[in-house]
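Asks: Have a look at this one.
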Amino acid sequence: MRDSGLDRPFNQLQVLTWALLPFLVITFYVFVIPVLPTALLYAASIKYAVFAIASAVFGFLTTATNPIDPKLSEQLIKNPKPQLKDVHQHDDDEKFCVICVANTSTTSQHCRYCEKCVEGFDHHCKWLNNCVGKANYKYFFMTVTSVLLFLIIHIAYTVYIIAYAGVDHSGFREDLEDAYGADFHSAAYLAIVSVLGVVLLILATLVAQLFFFHIYLMRKGITTYDYVINS
């Protein structure tokens with residue numbers, strides 16, 4: 001039984017997630033910030049940093065929180081290796097899990113990855129390597145929201161730089177030389193920024209779909225699990 005997404009082994013998508021966040025932050029401060037005019041520089045740096053830090057903090061909280069069903073947790077404290085004969089008849093607000101050999105909340109589902117029942121089970125997030133349930137759903141949603149906002153900021157200033165290069169190329173060249181030196185070619189810089197912009201747009205589209213999907217679920221008062229089962 002895994003406590004949280006911090007338990008080993010880490011999966012590949014989880015490692016990719018925690019590598020991608022600092023990579024994007026580095027590209028923003030290396031390729032975007034140095035070329036921005038002073039009027040935008042400080043505001044862009046602060047806004048981006050706030051949402052990047054929020055993404056990391058809420059992502060960590062989602063990963064580190066143990067979403068185990070409290071009834072199961074209580075029973076495991078009393079009896080770490082329960083047997084069927086030890087389980088009392090469940091109440092109306094409970095159900096029995098044959099895998100955990102325990103009574104759990106009616107909103108719980110057993111996760112085969114975490115090997116436990118999770119109260120208010122929404123889904124198992126492979127990107128964070130942890131189940132999302134009642135205990136950490138708010139952290140998960142804040143993670144998605146923060147990531148979406150910092151991606152939008154990154155895209156917005158990337159588009160600004162590309163537009164700036166097209167409208168005032170001489171001014172752009174001067175700012176580029178001030179930032180990186182005269183030997184840095186504008187064509188190479190724009191190619192790098194454009195490729196990063198495409199990657200950012202793809203990521204933002206995927207995260208936006210997830211964000212609006214969970215807005216829909218909250219309005220309906222259902223979980224991802226409920227949606228999948230009822231579809």
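How things are named: the first chain in the structure tokens is A, the next is B, and so on; residues count from 1 in each chain; ligands count from 1 in the order shown.
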Considering only C-alpha atoms, return as a count of residues only whatever protein or nucleic-acid residues lie within 8 Å of segment 113-129 of chain A, sequence-local ones (same chain, fewer than 6 positions apart) excluded.

Replies: 31

Asks: Go through A:Ala187, A:Leu21, A:Ile26, A:Val35 one by one, measure the shortest atom-to-atom distance of each to Glu174 of chain A using only C-alpha atoms, and give the residue with the smallest value.

Replies: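 Of the candidates, the smallest distance to Glu174 of chain A is held by A:Val35.
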
Asks: Env of Ala56 of chain A: 10 Å cut, atoms = only C-alpha atoms, seq-sep filter 6 positions within chain, self excluded. Answer as a list of chain:residue names.

Replies: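 Final neighbour list, sorted by chain and number: A:Trp18, A:Leu21, A:Pro22, A:Thr62, A:Thr143, A:Ser146, A:Val147.
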
Asks: Which parts of segment 28-88 of chain A does DSSP call helix (DSSP H, G or I) when run on the backbone here, written out as a ChimeraX atom specification?

Replies: /A:28-35,38-64,70-78,84-86

Asks: Please produce an output containing C-alpha atoms for each residue in the selection, written as a PDB file, in the first residue's frame.

Replies:
```
ATOM      1  CA  PHE A  28      11.095  32.029 -19.548  1.00  0.00           C
ATOM      2  CA  TYR A  29      13.832  33.782 -17.583  1.00  0.00           C
ATOM      3  CA  VAL A  30      16.541  32.995 -20.145  1.00  0.00           C
ATOM      4  CA  PHE A  31      14.738  33.699 -23.418  1.00  0.00           C
ATOM      5  CA  VAL A  32      11.787  35.972 -22.586  1.00  0.00           C
ATOM      6  CA  ILE A  33      12.622  38.225 -19.640  1.00  0.00           C
ATOM      7  CA  PRO A  34      15.959  39.622 -20.990  1.00  0.00           C
ATOM      8  CA  VAL A  35      14.283  40.954 -24.160  1.00  0.00           C
ATOM      9  CA  THR A  38      11.677  47.672 -18.593  1.00  0.00           C
ATOM     10  CA  ALA A  39       8.018  48.696 -18.413  1.00  0.00           C
ATOM     11  CA  LEU A  40       6.990  45.024 -18.648  1.00  0.00           C
ATOM     12  CA  LEU A  41      10.018  43.346 -17.130  1.00  0.00           C
ATOM     13  CA  TYR A  42       9.233  43.459 -13.421  1.00  0.00           C
ATOM     14  CA  ALA A  43       5.503  42.805 -13.720  1.00  0.00           C
ATOM     15  CA  ALA A  44       6.138  39.816 -15.979  1.00  0.00           C
ATOM     16  CA  SER A  45       8.795  38.395 -13.650  1.00  0.00           C
ATOM     17  CA  ILE A  46       6.611  38.684 -10.562  1.00  0.00           C
ATOM     18  CA  LYS A  47       3.388  37.359 -12.115  1.00  0.00           C
ATOM     19  CA  TYR A  48       5.161  34.406 -13.665  1.00  0.00           C
ATOM     20  CA  ALA A  49       7.053  33.591 -10.470  1.00  0.00           C
ATOM     21  CA  VAL A  50       3.867  33.683  -8.375  1.00  0.00           C
ATOM     22  CA  PHE A  51       2.030  31.150 -10.545  1.00  0.00           C
ATOM     23  CA  ALA A  52       5.108  28.979 -11.115  1.00  0.00           C
ATOM     24  CA  ILE A  53       5.667  28.751  -7.346  1.00  0.00           C
ATOM     25  CA  ALA A  54       1.946  28.119  -6.778  1.00  0.00           C
ATOM     26  CA  SER A  55       2.064  25.289  -9.342  1.00  0.00           C
ATOM     27  CA  ALA A  56       4.993  23.681  -7.544  1.00  0.00           C
ATOM     28  CA  VAL A  57       3.480  24.111  -4.060  1.00  0.00           C
ATOM     29  CA  PHE A  58      -0.008  22.839  -4.933  1.00  0.00           C
ATOM     30  CA  GLY A  59       1.478  20.067  -7.073  1.00  0.00           C
ATOM     31  CA  PHE A  60       3.609  18.963  -4.124  1.00  0.00           C
ATOM     32  CA  LEU A  61       0.622  19.073  -1.751  1.00  0.00           C
ATOM     33  CA  THR A  62      -1.440  16.978  -4.166  1.00  0.00           C
ATOM     34  CA  THR A  63       1.401  14.484  -4.421  1.00  0.00           C
ATOM     35  CA  ALA A  64       2.275  14.370  -0.716  1.00  0.00           C
ATOM     36  CA  PRO A  70     -10.360   7.550   7.006  1.00  0.00           C
ATOM     37  CA  LYS A  71     -12.415   4.488   7.972  1.00  0.00           C
ATOM     38  CA  LEU A  72      -9.840   2.217   6.351  1.00  0.00           C
ATOM     39  CA  SER A  73      -7.002   4.120   8.000  1.00  0.00           C
ATOM     40  CA  GLU A  74      -8.630   3.771  11.415  1.00  0.00           C
ATOM     41  CA  GLN A  75      -9.162   0.043  10.936  1.00  0.00           C
ATOM     42  CA  LEU A  76      -5.565  -0.482   9.787  1.00  0.00           C
ATOM     43  CA  ILE A  77      -4.262   1.233  12.923  1.00  0.00           C
ATOM     44  CA  LYS A  78      -6.255  -1.225  15.048  1.00  0.00           C
ATOM     45  CA  LEU A  84     -12.752 -11.273   7.032  1.00  0.00           C
ATOM     46  CA  LYS A  85     -13.822 -12.549  10.458  1.00  0.00           C
ATOM     47  CA  ASP A  86     -12.577  -9.308  12.047  1.00  0.00           C
TER      48      ASP A  86
END
```

Asks: Restricting the calculation to only C-alpha atoms, which member of A:Ala163, A:Asp93, A:Cys131, A:Ala208 is positioned closest to Gln109 of chain A?

Replies: A:Cys131

Asks: Looking at only C-alpha atoms, which of A:Phe23, A:His169, A:Phe213, A:Ala102 is the one that sits closest to Asn79 of chain A?

Replies: A:Ala102

Asks: Can you tell me how far atom CA of Thr158 of chain A sits from atom CA of Arg173 of chain A, in Å to one decimal?

Replies: 15.8 Å

Asks: Could you state the separation of atom CA of Ala188 of chain A and atom CA of Ile155 of chain A in Å, given to one decimal place?

Replies: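 If I compute the distance from atom CA of Ala188 of chain A to atom CA of Ile155 of chain A, I get 18.6 Å.
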
Asks: Select, from A:Gly181, A:Lys220, A:Leu176, A:Val199, the residue with the minimum atom-to-atom distance to Leu20 of chain A, counting only C-alpha atoms.

Replies: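 Nearest to Leu20 of chain A: A:Val199.
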
Asks: Could you tell me how far atom CA of His214 of chain A sits from atom CA of His110 of chain A, in Å to one decimal place?

Replies: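 A separation of 21.2 Å between them.
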
Asks: Env of Leu203 of chain A: 12 Å cut, atoms = only C-alpha atoms, seq-sep filter 2 positions within chain, self excluded. Answer as a PyMOL selection string.

Replies: chain A and resi 17+20-21+24+144+147-152+154-155+196-201+205-210
